[in-house]
$ cat upload06.cif   # mmCIF, C-alpha atoms
data_upload
#
loop_
_atom_site.label_atom_id
_atom_site.label_comp_id
_atom_site.auth_asym_id
_atom_site.auth_seq_id
_atom_site.Cartn_x
_atom_site.Cartn_y
_atom_site.Cartn_z
CA MET A 1 -24.79 8.55 19.58
CA ALA A 2 -27.75 9.65 17.51
CA LEU A 3 -28.50 7.99 14.19
CA SER A 4 -31.57 8.26 12.00
CA SER A 5 -32.47 6.24 8.96
CA THR A 6 -34.72 6.26 5.91
CA THR A 7 -35.08 3.48 3.37
CA THR A 8 -36.16 3.99 -0.23
CA GLY A 9 -36.33 0.79 -2.25
CA GLU A 10 -33.13 -1.09 -1.54
CA THR A 11 -31.18 1.99 -0.47
CA GLN A 12 -31.00 2.92 3.19
CA VAL A 13 -29.61 6.28 4.25
CA ILE A 14 -28.27 6.40 7.80
CA THR A 15 -27.55 9.90 9.04
CA VAL A 16 -25.14 10.54 11.91
CA HIS A 17 -26.22 13.40 14.20
CA CYS A 18 -22.97 13.96 16.01
CA ASP A 19 -19.86 16.08 15.47
CA ARG A 20 -17.34 13.29 16.06
CA ILE A 21 -16.91 9.53 16.04
CA ASP A 22 -14.01 8.81 18.36
CA ALA A 23 -12.70 6.32 20.91
CA ALA A 24 -15.27 7.45 23.48
CA MET A 25 -18.21 6.53 21.26
CA ALA A 26 -16.91 3.86 18.88
CA ILE A 27 -18.60 0.93 20.66
CA GLN A 28 -21.92 2.78 20.93
CA PHE A 29 -21.71 3.72 17.25
CA LYS A 30 -21.21 0.08 16.27
CA GLU A 31 -24.20 -1.01 18.38
CA ASP A 32 -26.41 1.77 17.04
CA MET A 33 -25.47 0.86 13.48
CA ARG A 34 -26.47 -2.73 14.19
CA ALA A 35 -29.81 -1.55 15.61
CA GLN A 36 -30.47 0.51 12.47
CA SER A 37 -29.69 -2.27 10.04
CA ASP A 38 -32.49 -3.02 7.61
CA ALA A 39 -32.47 -6.52 6.17
CA GLY A 40 -34.07 -5.34 2.92
CA ALA A 41 -31.31 -2.91 1.95
CA SER A 42 -28.62 -3.80 -0.57
CA ARG A 43 -26.91 -0.44 -0.21
CA VAL A 44 -26.42 1.68 2.89
CA ILE A 45 -25.25 5.27 2.57
CA LEU A 46 -23.79 6.65 5.78
CA ASP A 47 -24.23 10.42 5.79
CA LEU A 48 -21.28 11.89 7.73
CA SER A 49 -21.90 15.55 6.91
CA THR A 50 -22.24 16.56 10.58
CA VAL A 51 -19.08 14.66 11.59
CA GLU A 52 -16.17 17.06 11.88
CA PHE A 53 -13.68 14.65 13.39
CA ILE A 54 -12.91 10.97 13.43
CA ASP A 55 -10.04 9.01 14.98
CA SER A 56 -8.80 5.49 14.23
CA SER A 57 -11.28 4.00 16.72
CA GLY A 58 -14.12 5.72 14.88
CA LEU A 59 -12.72 4.48 11.58
CA GLY A 60 -12.57 0.96 13.04
CA ALA A 61 -16.20 1.25 14.12
CA ILE A 62 -17.26 2.13 10.56
CA VAL A 63 -15.27 -0.85 9.22
CA ALA A 64 -16.93 -3.08 11.83
CA SER A 65 -20.33 -1.70 10.81
CA MET A 66 -19.66 -2.69 7.22
CA LYS A 67 -18.79 -6.24 8.34
CA GLN A 68 -22.05 -6.41 10.32
CA LEU A 69 -24.03 -5.62 7.16
CA GLY A 70 -22.84 -8.81 5.55
CA ASP A 71 -21.52 -9.39 2.04
CA GLY A 72 -24.86 -8.78 0.31
CA CYS A 73 -24.95 -5.10 1.25
CA ARG A 74 -22.47 -2.38 0.48
CA LEU A 75 -21.70 0.61 2.65
CA ASP A 76 -20.96 3.94 0.98
CA LEU A 77 -19.93 7.11 2.80
CA ALA A 78 -21.14 10.61 2.02
CA GLY A 79 -20.46 14.18 3.11
CA LEU A 80 -16.95 13.69 4.50
CA HIS A 81 -15.28 16.74 6.01
CA PRO A 82 -11.63 17.21 4.90
CA VAL A 83 -10.20 15.91 8.20
CA VAL A 84 -12.44 12.83 8.10
CA GLU A 85 -11.53 12.16 4.49
CA LYS A 86 -7.84 12.47 5.36
CA VAL A 87 -8.08 9.65 7.94
CA PHE A 88 -9.67 7.42 5.28
CA ARG A 89 -7.03 8.41 2.72
CA LEU A 90 -3.98 7.92 4.99
CA THR A 91 -5.15 4.49 6.12
CA ARG A 92 -6.08 3.58 2.50
CA MET A 93 -9.64 2.90 3.61
CA ASP A 94 -10.62 5.20 0.73
CA THR A 95 -9.91 2.16 -1.48
CA VAL A 96 -12.34 0.02 0.53
CA PHE A 97 -15.30 2.43 0.72
CA LYS A 98 -16.83 4.60 -1.97
CA LEU A 99 -16.62 8.18 -0.74
CA PHE A 100 -19.05 10.83 -1.99
CA THR A 101 -18.80 14.57 -1.45
CA SER A 102 -22.45 14.84 -0.50
CA LEU A 103 -25.50 12.70 0.13
CA ASP A 104 -27.02 13.99 -3.13
CA ASP A 105 -23.93 12.81 -5.06
CA ALA A 106 -24.21 9.39 -3.44
CA LEU A 107 -27.91 9.11 -4.25
CA THR A 108 -27.37 10.25 -7.85
CA ALA A 109 -24.54 7.76 -8.32
CA GLY A 110 -26.86 4.96 -7.22
CA MET A 111 -29.38 5.63 -9.96
CA ASP A 112 -27.29 4.44 -12.90
CA MET B 1 12.26 24.72 23.27
CA ALA B 2 14.66 27.12 21.60
CA CYS B 3 12.85 29.84 19.72
CA ASN B 4 14.10 32.88 17.89
CA GLY B 5 11.03 35.02 18.17
CA ASP B 6 7.65 34.97 19.85
CA MET B 7 6.59 31.71 21.40
CA GLU B 8 2.98 30.94 22.24
CA CYS B 9 2.23 28.01 24.55
CA LEU B 10 -0.71 26.19 26.03
CA ASP B 11 -0.94 23.62 28.79
CA LEU B 12 -3.91 21.33 29.27
CA SER B 13 -4.56 18.41 31.64
CA PHE B 14 -7.41 15.95 31.84
CA GLN B 15 -8.12 12.53 33.32
CA ALA B 16 -7.04 9.56 31.19
CA ILE B 17 -10.50 8.13 30.51
CA ASP B 18 -12.23 8.02 27.11
CA ALA B 19 -14.89 10.66 27.77
CA ARG B 20 -12.45 13.18 29.28
CA ALA B 21 -9.89 12.53 26.54
CA SER B 22 -12.60 13.12 23.93
CA THR B 23 -13.52 16.55 25.29
CA GLY B 24 -9.82 17.29 25.95
CA ILE B 25 -8.93 16.59 22.31
CA ALA B 26 -11.82 18.77 21.08
CA LEU B 27 -10.67 21.59 23.38
CA LEU B 28 -7.06 21.18 22.20
CA GLY B 29 -8.23 21.64 18.61
CA THR B 30 -9.91 24.95 19.51
CA ARG B 31 -6.98 26.15 21.62
CA LEU B 32 -4.41 25.32 18.90
CA THR B 33 -6.32 27.45 16.40
CA GLU B 34 -6.43 30.29 18.94
CA LEU B 35 -2.68 29.84 19.44
CA GLY B 36 -2.16 30.55 15.76
CA VAL B 37 -1.77 27.12 14.16
CA PRO B 38 -2.77 27.56 10.50
CA THR B 39 -6.11 26.01 9.67
CA HIS B 40 -4.73 23.90 6.81
CA ARG B 41 -2.52 22.01 9.30
CA ALA B 42 -4.86 22.04 12.30
CA GLY B 43 -6.66 18.91 11.11
CA ASP B 44 -3.45 16.88 10.73
CA ILE B 45 -2.24 17.91 14.16
CA LYS B 46 -5.55 17.09 15.77
CA ILE B 47 -5.55 13.60 14.20
CA ALA B 48 -2.00 12.89 15.48
CA LEU B 49 -2.66 14.24 18.98
CA ALA B 50 -5.94 12.32 19.26
CA GLU B 51 -4.14 9.07 18.41
CA ALA B 52 -1.30 9.77 20.84
CA ILE B 53 -3.72 10.63 23.66
CA ASN B 54 -5.94 7.63 22.93
CA ASN B 55 -2.86 5.40 23.15
CA VAL B 56 -2.15 6.71 26.65
CA VAL B 57 -5.74 6.02 27.72
CA GLU B 58 -5.84 2.55 26.15
CA HIS B 59 -2.31 1.30 26.85
CA ALA B 60 -0.40 3.30 29.48
CA TYR B 61 -3.34 3.16 31.90
CA ALA B 62 -4.72 -0.17 30.67
CA ASP B 63 -4.48 -2.07 33.98
CA ILE B 64 -3.92 0.71 36.52
CA PRO B 65 -6.19 3.50 37.79
CA PRO B 66 -6.26 6.35 35.27
CA ALA B 67 -4.42 9.49 36.36
CA ALA B 68 -3.89 12.69 34.42
CA ILE B 69 -2.62 13.28 30.91
CA ARG B 70 -0.88 16.60 30.46
CA VAL B 71 -0.46 18.14 27.02
CA LYS B 72 1.90 21.07 26.50
CA CYS B 73 2.06 22.76 23.10
CA CYS B 74 4.41 25.54 22.02
CA LEU B 75 4.17 27.33 18.71
CA CYS B 76 7.30 29.06 17.48
CA ARG B 77 7.21 30.56 14.00
CA ASP B 78 6.66 27.60 11.67
CA GLN B 79 7.01 24.80 14.22
CA LEU B 80 4.66 23.32 16.76
CA GLU B 81 6.21 21.27 19.56
CA VAL B 82 3.99 19.09 21.70
CA GLN B 83 4.78 17.16 24.88
CA ILE B 84 2.36 14.56 26.17
CA LEU B 85 3.06 13.46 29.74
CA ASP B 86 1.52 10.68 31.78
CA THR B 87 2.35 8.54 34.79
CA GLY B 88 1.11 5.28 33.29
CA ASN B 89 3.01 2.17 32.31
CA PRO B 90 6.03 2.60 30.00
CA MET B 91 5.87 1.75 26.33
CA PRO B 92 6.92 -1.86 25.63
CA GLY B 93 10.68 -2.01 25.19
CA LEU B 94 10.79 1.72 25.96
CA GLN B 95 10.28 2.33 22.26
CA VAL B 96 7.72 3.97 20.06
CA PRO B 97 5.94 1.23 18.06
CA ASP B 98 6.69 0.93 14.33
CA GLY B 99 3.05 1.33 13.51
CA VAL B 100 2.90 -0.79 10.39
CA PRO B 101 -0.82 -1.29 9.76
CA ALA B 102 -2.45 -4.45 8.42
CA SER B 103 -3.18 -4.38 4.70
CA VAL B 104 -6.60 -3.25 3.52
CA GLU B 105 -6.25 -5.42 0.40
CA THR B 106 -8.14 -8.32 1.84
CA THR B 107 -11.68 -9.66 2.16
CA ARG B 108 -14.31 -7.58 3.91
CA GLN B 109 -14.37 -9.80 6.99
CA ASN B 110 -10.57 -9.60 7.35
CA LEU B 111 -10.29 -5.82 7.12
CA PRO B 112 -8.38 -4.28 10.05
CA GLU B 113 -10.52 -2.42 12.60
CA GLY B 114 -7.56 -0.97 14.47
CA GLY B 115 -3.79 -0.74 14.61
CA PHE B 116 -3.68 2.56 12.71
CA GLY B 117 -2.78 4.86 15.61
CA TRP B 118 1.02 4.93 15.40
CA PHE B 119 0.90 4.74 11.62
CA LEU B 120 -1.15 7.96 11.55
CA ILE B 121 1.09 9.67 14.10
CA ARG B 122 4.20 8.79 12.08
CA GLN B 123 2.59 10.01 8.85
CA LEU B 124 1.60 13.36 10.30
CA THR B 125 4.58 14.38 12.46
CA SER B 126 8.07 15.63 11.56
CA GLU B 127 9.76 14.18 14.65
CA ILE B 128 8.85 11.76 17.45
CA ARG B 129 10.82 11.18 20.64
CA TYR B 130 9.91 9.12 23.67
CA GLU B 131 11.52 9.17 27.11
CA ARG B 132 10.77 7.47 30.38
CA GLN B 133 11.73 9.76 33.25
CA GLU B 134 11.14 9.10 36.95
CA GLY B 135 8.01 7.06 36.44
CA ARG B 136 6.63 9.33 33.75
CA ASN B 137 6.18 8.88 30.01
CA LEU B 138 7.19 11.85 27.92
CA LEU B 139 6.21 11.79 24.28
CA PHE B 140 7.56 14.63 22.20
CA LEU B 141 6.01 15.40 18.81
CA ARG B 142 7.13 18.10 16.40
CA PHE B 143 5.13 19.43 13.47
CA ASP B 144 6.75 21.51 10.74
CA LEU B 145 3.96 23.81 9.74
CA THR B 146 5.48 24.73 6.39
CA ASP B 147 4.96 21.17 5.11
CA MET B 148 2.03 20.81 2.81
CA SER B 149 0.41 17.43 3.24
#

$ encode --input "upload06.cif" --output "structure tokens"
Amino acid sequence: MALSSTTTGETQVITVHCDRIDAAMAIQFKEDMRAQSDAGASRVILDLSTVEFIDSSGLGAIVASMKQLGDGCRLDLAGLHPVVEKVFRLTRMDTVFKLFTSLDDALTAGMD
Amino acid sequence: MACNGDMECLDLSFQAIDARASTGIALLGTRLTELGVPTHRAGDIKIALAEAINNVVEHAYADIPPAAIRVKCCLCRDQLEVQILDTGNPMPGLQVPDGVPASVETTRQNLPEGGFGWFLIRQLTSEIRYERQEGRNLLFLRFDLTDMS
């Protein structure tokens, strides 16, 4: 599971470099997200634009990652492919996370 | 399956472990598109099949050595019929779980991290049947491809 991260001010962008987050990599994803966590960030944007598929284990790993961040930091999701967005919508996790079409949209929305 | 017209089928087997299931599901997605499943439904079908296959890996073979999972798909006009076969443990009570997920209207720390598998399968399929035959699990899923969802 490859993740990279950049922090600007209190916003950290974590980019996933992988085409799926599924049962085979859910635990690794959760651990890698923990390793990336930056104590100074109050907002993390997870850029999912390379992720073409997610299953319920992958969804669970993203939920777990949000819990790891603690209540002082929110986790927003950007660049969701239609299939990925559908999993969030069907499980109603789209009401828990803010979903943005692209990373640029997410960054713009954070400026107001 | 009964089919008035051309029927296109595929048959795929892989070992019931996470890594093999992951590549198997990815390959199934490609093969279903080649079979002629319309792209606007391919995503839904892939989500449902991934959940069904993951359930076999996680539950049917939970405490026994993993054997093979076989997936047979037949496309006939506007229907896709899928059979998932394994030789793992039977489903509890020989029934497909209800799949009612925990509510997401709760605090962050109490949000569910799982339990969505059967809920997703039920949302995305037109028919589900389960049979236990001679030590094998047979899960039958049907997708009506004319449905817009």

$ residues_around --input "upload06.cif" --residues "Thr50 of chain A" --least-positions-apart "6" --cutoff "7 Å" --atoms "all atoms listed in the file" --output "short mmCIF file (atom, residue, chain, number, x, y, z; two decimals) with C-alpha atoms, in the frame of the given file"
data_model
loop_
_atom_site.label_atom_id
_atom_site.label_comp_id
_atom_site.auth_asym_id
_atom_site.auth_seq_id
_atom_site.Cartn_x
_atom_site.Cartn_y
_atom_site.Cartn_z
CA VAL A 16 -25.14 10.54 11.91
CA HIS A 17 -26.22 13.40 14.20
CA CYS A 18 -22.97 13.96 16.01
CA ASP A 19 -19.86 16.08 15.47
#

$ closest_atom_pairs --input "upload06.cif" --of "segment 57-89 of chain A" --to "segment 21-34 of chain A" --cutoff "7 Å" --atoms "all atoms listed in the file" --output "tab-separated table"
residue	atom	partner	partner_atom	distance
A:Ser57	CA	A:Ala23	CA	5.0
A:Gly58	CA	A:Asp22	CA	4.7
A:Ala61	CA	A:Ala26	CA	5.5
A:Ala64	CA	A:Lys30	CA	6.9
A:Ser65	CA	A:Lys30	CA	5.8
A:Gln68	CA	A:Arg34	CA	6.9

$ write_last_selection --input "upload06.cif" --atoms "C-alpha atoms" --output "PDB file, in the frame of the given file"
ATOM      1  CA  SER A  57     -11.280   4.000  16.720  1.00  0.00           C
ATOM      2  CA  GLY A  58     -14.120   5.720  14.880  1.00  0.00           C
ATOM      3  CA  ALA A  61     -16.200   1.250  14.120  1.00  0.00           C
ATOM      4  CA  ALA A  64     -16.930  -3.080  11.830  1.00  0.00           C
ATOM      5  CA  SER A  65     -20.330  -1.700  10.810  1.00  0.00           C
ATOM      6  CA  GLN A  68     -22.050  -6.410  10.320  1.00  0.00           C
TER       7      GLN A  68
END

$ resolve_selection --input "upload06.cif" --expression "the PyMOL selection byres ((chain B) within 6 of (chain A))" --output "VMD selection string"
chain B and resid 18 to 19 43 109 113 to 114

$ atom_distance --input "upload06.cif" --atom1 "atom CA of Gly40 of chain A" --atom2 "atom CA of Glu10 of chain A"
6.2 Å

$ atom_distance --input "upload06.cif" --atom1 "atom CA of Val37 of chain B" --atom2 "atom CA of Ile121 of chain B"
17.7 Å

$ resolve_selection --input "upload06.cif" --expression "the PyMOL selection byres ((chain A and resi 48) around 6)" --output "list of chain:residue names"
A:Val16, A:Asp47, A:Ser49, A:Thr50, A:Val51, A:Ala78, A:Gly79, A:Leu80

$ atom_distance --input "upload06.cif" --atom1 "atom CA of Asp78 of chain B" --atom2 "atom CA of Pro38 of chain B"
9.5 Å

$ residues_around --input "upload06.cif" --residues "Ile64 of chain B" --least-positions-apart "3" --cutoff "10 Å" --atoms "all atoms listed in the file" --output "JSON, numbers by chain"
{"B": [59, 60, 61, 67, 88, 89]}

$ residues_around --input "upload06.cif" --residues "Ile14 of chain A" --least-positions-apart "6" --cutoff "10 Å" --atoms "all atoms listed in the file" --output "ChimeraX atom specification"
/A:3-7,33,36-37,44-48,77

$ write_last_selection --input "upload06.cif" --atoms "C-alpha atoms" --output "PDB file, in the frame of the given file"
ATOM      1  CA  LEU A   3     -28.500   7.990  14.190  1.00  0.00           C
ATOM      2  CA  SER A   4     -31.570   8.260  12.000  1.00  0.00           C
ATOM      3  CA  SER A   5     -32.470   6.240   8.960  1.00  0.00           C
ATOM      4  CA  THR A   6     -34.720   6.260   5.910  1.00  0.00           C
ATOM      5  CA  THR A   7     -35.080   3.480   3.370  1.00  0.00           C
ATOM      6  CA  MET A  33     -25.470   0.860  13.480  1.00  0.00           C
ATOM      7  CA  GLN A  36     -30.470   0.510  12.470  1.00  0.00           C
ATOM      8  CA  SER A  37     -29.690  -2.270  10.040  1.00  0.00           C
ATOM      9  CA  VAL A  44     -26.420   1.680   2.890  1.00  0.00           C
ATOM     10  CA  ILE A  45     -25.250   5.270   2.570  1.00  0.00           C
ATOM     11  CA  LEU A  46     -23.790   6.650   5.780  1.00  0.00           C
ATOM     12  CA  ASP A  47     -24.230  10.420   5.790  1.00  0.00           C
ATOM     13  CA  LEU A  48     -21.280  11.890   7.730  1.00  0.00           C
ATOM     14  CA  LEU A  77     -19.930   7.110   2.800  1.00  0.00           C
TER      15      LEU A  77
END

$ resolve_selection --input "upload06.cif" --expression "the PyMOL selection byres ((chain B and resi 12) around 8)" --output "list in words"
Leu10, Asp11, Ser13, Phe14, Gly24, Leu28, Arg70, Val71 and Lys72 of chain B

$ closest_residue --input "upload06.cif" --among "A:Ala41, A:Cys73, A:Ala106, A:Leu99" --to "Gly9 of chain A" --atoms "all atoms listed in the file"
A:Ala41

$ closest_residue --input "upload06.cif" --among "A:Thr15, A:Arg89, A:Ala2, A:Thr8" --to "Leu103 of chain A" --atoms "only C-alpha atoms"
A:Thr15

$ residues_near_point --input "upload06.cif" --point "(0.4, -2.9, 4.6)" --cutoff "12 Å" --atoms "only C-alpha atoms" --output "PyMOL selection string"
(chain A and resi 90-93) or (chain B and resi 99-106+111-112+115-116+119)

$ closest_residue --input "upload06.cif" --among "A:Asp38, A:Ala109, A:Thr101, A:Gly72" --to "Glu85 of chain A" --atoms "all atoms listed in the file"
A:Thr101

$ closest_residue --input "upload06.cif" --among "B:Ala21, B:Leu138, B:Leu49, B:Ala26" --to "Val96 of chain B" --atoms "all atoms listed in the file"
B:Leu138

$ closest_residue --input "upload06.cif" --among "A:Val13, A:Leu75, A:Leu69, A:Ala39" --to "Asp104 of chain A" --atoms "all atoms listed in the file"
A:Val13

$ decode --input "upload06.cif" --residues "segment 17-29 of chain B" --atoms "N, CA, C and O atoms" --output "PDB file, in the first residue's frame"
ATOM      1  N   ILE B  17      -8.075 -17.282  -0.473  1.00  0.00           N
ATOM      2  CA  ILE B  17      -7.284 -16.449   0.444  1.00  0.00           C
ATOM      3  C   ILE B  17      -7.364 -15.014  -0.085  1.00  0.00           C
ATOM      4  O   ILE B  17      -7.579 -14.804  -1.278  1.00  0.00           O
ATOM      5  N   ASP B  18      -7.185 -14.042   0.822  1.00  0.00           N
ATOM      6  CA  ASP B  18      -7.403 -12.633   0.477  1.00  0.00           C
ATOM      7  C   ASP B  18      -6.718 -12.200  -0.816  1.00  0.00           C
ATOM      8  O   ASP B  18      -7.343 -11.595  -1.678  1.00  0.00           O
ATOM      9  N   ALA B  19      -5.416 -12.498  -0.925  1.00  0.00           N
ATOM     10  CA  ALA B  19      -4.659 -11.981  -2.070  1.00  0.00           C
ATOM     11  C   ALA B  19      -5.162 -12.571  -3.386  1.00  0.00           C
ATOM     12  O   ALA B  19      -5.292 -11.872  -4.389  1.00  0.00           O
ATOM     13  N   ARG B  20      -5.481 -13.884  -3.372  1.00  0.00           N
ATOM     14  CA  ARG B  20      -5.984 -14.522  -4.599  1.00  0.00           C
ATOM     15  C   ARG B  20      -7.388 -14.028  -4.935  1.00  0.00           C
ATOM     16  O   ARG B  20      -7.735 -13.844  -6.094  1.00  0.00           O
ATOM     17  N   ALA B  21      -8.203 -13.837  -3.883  1.00  0.00           N
ATOM     18  CA  ALA B  21      -9.565 -13.342  -4.097  1.00  0.00           C
ATOM     19  C   ALA B  21      -9.508 -11.937  -4.697  1.00  0.00           C
ATOM     20  O   ALA B  21     -10.277 -11.604  -5.598  1.00  0.00           O
ATOM     21  N   SER B  22      -8.559 -11.127  -4.216  1.00  0.00           N
ATOM     22  CA  SER B  22      -8.422  -9.759  -4.708  1.00  0.00           C
ATOM     23  C   SER B  22      -8.121  -9.732  -6.213  1.00  0.00           C
ATOM     24  O   SER B  22      -8.773  -9.027  -6.980  1.00  0.00           O
ATOM     25  N   THR B  23      -7.150 -10.539  -6.635  1.00  0.00           N
ATOM     26  CA  THR B  23      -6.839 -10.573  -8.072  1.00  0.00           C
ATOM     27  C   THR B  23      -7.963 -11.255  -8.849  1.00  0.00           C
ATOM     28  O   THR B  23      -8.272 -10.871  -9.973  1.00  0.00           O
ATOM     29  N   GLY B  24      -8.606 -12.258  -8.231  1.00  0.00           N
ATOM     30  CA  GLY B  24      -9.737 -12.939  -8.877  1.00  0.00           C
ATOM     31  C   GLY B  24     -10.890 -11.980  -9.148  1.00  0.00           C
ATOM     32  O   GLY B  24     -11.492 -11.998 -10.224  1.00  0.00           O
ATOM     33  N   ILE B  25     -11.196 -11.129  -8.173  1.00  0.00           N
ATOM     34  CA  ILE B  25     -12.289 -10.163  -8.318  1.00  0.00           C
ATOM     35  C   ILE B  25     -11.952  -9.145  -9.412  1.00  0.00           C
ATOM     36  O   ILE B  25     -12.798  -8.791 -10.230  1.00  0.00           O
ATOM     37  N   ALA B  26     -10.695  -8.695  -9.432  1.00  0.00           N
ATOM     38  CA  ALA B  26     -10.269  -7.740 -10.471  1.00  0.00           C
ATOM     39  C   ALA B  26     -10.401  -8.379 -11.856  1.00  0.00           C
ATOM     40  O   ALA B  26     -10.905  -7.761 -12.800  1.00  0.00           O
ATOM     41  N   LEU B  27      -9.984  -9.645 -11.957  1.00  0.00           N
ATOM     42  CA  LEU B  27     -10.071 -10.352 -13.237  1.00  0.00           C
ATOM     43  C   LEU B  27     -11.530 -10.560 -13.650  1.00  0.00           C
ATOM     44  O   LEU B  27     -11.893 -10.401 -14.819  1.00  0.00           O
ATOM     45  N   LEU B  28     -12.382 -10.897 -12.668  1.00  0.00           N
ATOM     46  CA  LEU B  28     -13.812 -11.054 -12.947  1.00  0.00           C
ATOM     47  C   LEU B  28     -14.396  -9.782 -13.553  1.00  0.00           C
ATOM     48  O   LEU B  28     -15.182  -9.844 -14.505  1.00  0.00           O
ATOM     49  N   GLY B  29     -14.009  -8.634 -12.991  1.00  0.00           N
ATOM     50  CA  GLY B  29     -14.501  -7.351 -13.501  1.00  0.00           C
ATOM     51  C   GLY B  29     -14.173  -7.192 -14.978  1.00  0.00           C
ATOM     52  O   GLY B  29     -15.032  -6.849 -15.793  1.00  0.00           O
TER      53      GLY B  29
END
